[in-house]
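Contents: one structure, followed by commentary.
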Amino acid sequence: MKSGVKRTTGYDIIVLVIMVILAILFIFPVYWIVTGSFKDAAAINAASPEWFPKNPTTDNYVRLFAKPAMRWLFNSVFIALMSMALTCMTAAMAGYALAKKRFVGRGLLFTFLVCAMALPKQVVLVPLLKEMSFLGLHDNVWAVILPTVGWPFGVFLMKQFSETIPTEMLEAVRIDGAGEVQTFLTIVLPIVKPGIGALAIFTFITTWNDYFLQLIMLNSSNTLTIALGIAKLQSEMSNDFGLIMAGAALGAIPIIAIFLMFQKYFTQGITMGAVKG
C-alpha cells in the first residue's frame, strides 16, 4: 500500500536551499535600509558594520518628518492608487471589447496596441509634456496619472484574460435580458478578477517607480513624490545616509502593503487565469 505522503528528494532539498539563499539576497538590502534608518551617523559610517543597531534612534525619522516627507508620500500613494484604479477599469473594459466584440478595425486596433507596447516612453515624452502643459496640468499630480491610464500592456493583458470567458455564457446572459453593463459587472469582472489583481500590482509598482516621468512633470516641493524627495535629500545631504535610509524605508511601506493585499490575485494572474465553474 502506497503512502500518500510525498517523499523529500535530494532535488527538493537543493531547490529549497537555492530559494532560501535567493530570498536572503533579495531581502538583505531592505533589511539594511530599515535597520540603517535607526542608526546614528557614527554607526552607519563605522568601519565594521553593525548588523543590528546597538543604540537604535528615531532621530532620522524625526528629521525626515520635519521636511515635507509625508506630503511626498501622500503624493506617491495618491498617484499610484489613482493610476492603478483608472488603468484597471479602462483596461478591463477595453480588453473585454477587443476579445469578445466584433467591429470594423478590431484587428488593426489590436496591432497598433501591440506596437505601442514596444514604444519607449522617452519617444512620446515631449508630446506628453506639451499636452499636459496645454491642459494646464504641468507640475500637477494628474500630469503623471493621466498618461498611465491608457497603458497598452494593461489592455493587452486584460484582452488575454477576457479570451477565456465562454461566449456561450455571455449569450445566455443576454438571452435572459441582461444589458452590457450588467453582463460586464456580473459575468466578466468575476472571471477576469485574477487578471485585474495582477494588473493592479503591475500598475502600482510601475507608477511608483516611474521616476523619469515624475521628474519631468513635477517641479515644486508640494507636488514631489517620495522618489523625487529622496533624490532631493541625496543632492542636499549627500553624507546623511541615515536620513536618506529613513526616506527609502518610508517609501517601501506602500509597495509591500499593496503586494500583500493582491498577492493571491497576482499568483493566479501570472498563470493567465483559468475559468472556474
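Ligands are numbered from 1 in the order shown, residues from 1 within each chain, and chains are lettered A, B, ... in the order they appear in the C-alpha cells.
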Could you give me, as a short mmCIF file (atom, residue, chain, number, x, y, z; two decimals) with all heavy atoms, in the first residue's frame, the residues within 12 Å of Ser133 in chain A, counting only C-alpha atoms and dropping anything in the same chain fewer than 5 positions from it?
```cif
data_model
loop_
_atom_site.label_atom_id
_atom_site.label_comp_id
_atom_site.auth_asym_id
_atom_site.auth_seq_id
_atom_site.Cartn_x
_atom_site.Cartn_y
_atom_site.Cartn_z
N VAL A 126 8.01 64.21 -25.06
CA VAL A 126 7.83 65.60 -25.47
C VAL A 126 6.36 65.89 -25.81
O VAL A 126 5.80 66.89 -25.34
CB VAL A 126 8.76 65.94 -26.65
CG1 VAL A 126 8.45 67.34 -27.18
CG2 VAL A 126 10.21 65.87 -26.21
N PRO A 127 5.69 65.06 -26.63
CA PRO A 127 4.25 65.30 -26.87
C PRO A 127 3.43 65.26 -25.58
O PRO A 127 2.48 66.05 -25.42
CB PRO A 127 3.85 64.16 -27.82
CG PRO A 127 5.11 63.77 -28.49
CD PRO A 127 6.19 63.97 -27.48
N LEU A 128 3.77 64.34 -24.66
CA LEU A 128 3.05 64.28 -23.39
C LEU A 128 3.24 65.56 -22.58
O LEU A 128 2.28 66.09 -22.00
CB LEU A 128 3.54 63.08 -22.57
CG LEU A 128 2.94 61.71 -22.88
CD1 LEU A 128 3.57 60.65 -21.99
CD2 LEU A 128 1.43 61.72 -22.68
N HIS A 138 0.70 70.80 -15.98
CA HIS A 138 2.12 70.64 -15.67
C HIS A 138 2.39 71.03 -14.22
O HIS A 138 1.81 71.98 -13.70
CB HIS A 138 2.97 71.50 -16.60
CG HIS A 138 4.44 71.29 -16.41
ND1 HIS A 138 5.24 72.23 -15.81
CD2 HIS A 138 5.25 70.24 -16.70
CE1 HIS A 138 6.48 71.78 -15.77
NE2 HIS A 138 6.52 70.57 -16.29
N ASP A 139 3.24 70.29 -13.56
CA ASP A 139 3.51 70.44 -12.13
C ASP A 139 2.27 70.14 -11.30
O ASP A 139 2.04 70.73 -10.26
CB ASP A 139 4.03 71.85 -11.81
CG ASP A 139 4.76 71.89 -10.47
OD1 ASP A 139 5.24 70.84 -10.02
OD2 ASP A 139 4.80 72.98 -9.84
N ASN A 140 1.49 69.18 -11.80
CA ASN A 140 0.29 68.70 -11.11
C ASN A 140 0.35 67.18 -11.11
O ASN A 140 0.79 66.57 -12.09
CB ASN A 140 -0.97 69.21 -11.83
CG ASN A 140 -2.24 68.92 -11.05
OD1 ASN A 140 -2.59 67.77 -10.78
ND2 ASN A 140 -2.96 69.98 -10.69
N TRP A 142 -1.83 65.07 -11.60
CA TRP A 142 -2.60 64.46 -12.68
C TRP A 142 -1.80 64.36 -13.97
O TRP A 142 -2.13 63.59 -14.86
CB TRP A 142 -3.89 65.22 -12.91
CG TRP A 142 -4.88 65.00 -11.81
CD1 TRP A 142 -5.15 65.80 -10.76
CD2 TRP A 142 -5.73 63.84 -11.66
NE1 TRP A 142 -6.11 65.24 -9.94
CE2 TRP A 142 -6.49 64.04 -10.47
CE3 TRP A 142 -5.91 62.67 -12.39
CZ2 TRP A 142 -7.41 63.10 -10.02
CZ3 TRP A 142 -6.85 61.75 -11.94
CH2 TRP A 142 -7.57 61.97 -10.77
N ALA A 143 -0.73 65.14 -14.08
CA ALA A 143 0.14 65.04 -15.25
C ALA A 143 0.90 63.72 -15.26
O ALA A 143 1.37 63.29 -16.32
CB ALA A 143 1.12 66.21 -15.27
N ILE A 216 10.10 64.88 -14.90
CA ILE A 216 9.78 65.83 -15.96
C ILE A 216 8.52 66.63 -15.65
O ILE A 216 8.46 67.84 -15.89
CB ILE A 216 9.62 65.09 -17.31
CG1 ILE A 216 10.92 64.38 -17.69
CG2 ILE A 216 9.19 66.05 -18.41
CD1 ILE A 216 12.10 65.29 -17.87
N MET A 217 7.52 65.96 -15.08
CA MET A 217 6.22 66.59 -14.90
C MET A 217 6.08 67.38 -13.61
O MET A 217 5.26 68.30 -13.52
CB MET A 217 5.12 65.50 -14.94
CG MET A 217 4.99 64.80 -16.27
SD MET A 217 4.45 65.92 -17.58
CE MET A 217 4.30 64.78 -18.96
N LEU A 218 6.85 67.05 -12.57
CA LEU A 218 6.67 67.66 -11.26
C LEU A 218 7.91 68.47 -10.88
O LEU A 218 9.03 67.99 -11.02
CB LEU A 218 6.41 66.58 -10.20
CG LEU A 218 5.26 65.61 -10.50
CD1 LEU A 218 5.17 64.54 -9.43
CD2 LEU A 218 3.93 66.35 -10.63
#
```
*Can you list, as a PyMOL selection string, every residue of range 7-144 of chain A that DSSP puts in helix (DSSP H, G or I)?*
chain A and resi 10-36+41-44+59-66+69-100+106-117+121-134+142-144
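Nearest to Trp208 in chain A of all the residues A:Ile18, A:Val30, A:Ala80, A:Met169 is A:Ala80, based on only C-alpha atoms.
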*Tell me which of A:Ala246, A:Phe153, A:Ala118, A:Ala198 sits closest to Phe262 in chain A, counting only C-alpha atoms.*
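Closest candidate: A:Ala198.
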Show me, as CSV, the residues of range 104-169 of chain A having an atom within 8 Å of range 183-192 of chain A, each with the closest atom pair and its distance in Å, using only C-alpha atoms.
```
residue,atom,partner,partner_atom,distance
A:Met158,CA,A:Val192,CA,7.4
A:Phe161,CA,A:Val192,CA,5.8
A:Ser162,CA,A:Val192,CA,6.5
A:Ile165,CA,A:Ile191,CA,7.0
```
May I have the residues from that selection written out with C-alpha atoms, as a compact mmCIF listing (two decimals), in the first residue's frame?
```
# COMPACT_ATOMS: atom_id res chain seq x y z
CA MET A 158 -6.92 42.03 -19.92
CA PHE A 161 -7.90 37.12 -19.76
CA SER A 162 -11.16 38.07 -21.49
CA ILE A 165 -14.68 33.91 -21.00
```
*Kindly indicate which residue among A:Val77, A:Leu137, A:Val155, A:Ala92 lies nearest to Ile258 in chain A, using only C-alpha atoms for the distances.*
A:Val77
*Rank nothing, just name the residue among A:Met93, A:Leu108, A:Met82, A:Ile175 nearest to Thr148 in chain A, using only C-alpha atoms.*
A:Met82
*Do you know which residues are at most 12 Å from Ala252 in chain A counting only C-alpha atoms, after dropping those on the same chain fewer than 4 positions away, and could you put them as a VMD selection string?*
chain A and resid 29 to 31 33 to 34 73 76 to 77 205 208 to 209 226 to 227 230 245 to 248 256 to 259
*Tell me, as an MDAnalysis selection string, which residues lie within 8 Å of Leu157 in chain A, counting only C-alpha atoms; anything in the same chain fewer than 3 positions away does not count.*
chainID A and resid 95 153:154 160:161 195 199
Could you save those same residues with C-alpha atoms as a PDB file, in the first residue's frame?
```pdb
ATOM      1  CA  GLY A  95      -9.719  44.185 -23.118  1.00  0.00           C
ATOM      2  CA  PHE A 153       0.219  46.424 -21.657  1.00  0.00           C
ATOM      3  CA  GLY A 154      -2.811  46.622 -19.356  1.00  0.00           C
ATOM      4  CA  GLN A 160      -5.862  37.735 -22.913  1.00  0.00           C
ATOM      5  CA  PHE A 161      -7.903  37.120 -19.763  1.00  0.00           C
ATOM      6  CA  GLY A 195      -6.018  39.482 -14.192  1.00  0.00           C
ATOM      7  CA  LEU A 199      -2.561  44.330 -13.353  1.00  0.00           C
TER       8      LEU A 199
END
```
*Give the answer as one residue: which of A:Asn55, A:Thr111, A:Thr9, A:Thr203 has the shortest atom-to-atom distance to Ser83 in chain A, using only C-alpha atoms?*
A:Thr203
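Nearest residue to Val149 in chain A, choosing from A:Ile201, A:Leu86, A:Leu129, A:Ala94 and counting only C-alpha atoms: A:Leu86.
For the pair CA of Trp72 in chain A and CA of Gly136 in chain A, the interatomic distance is 21.3 Å.
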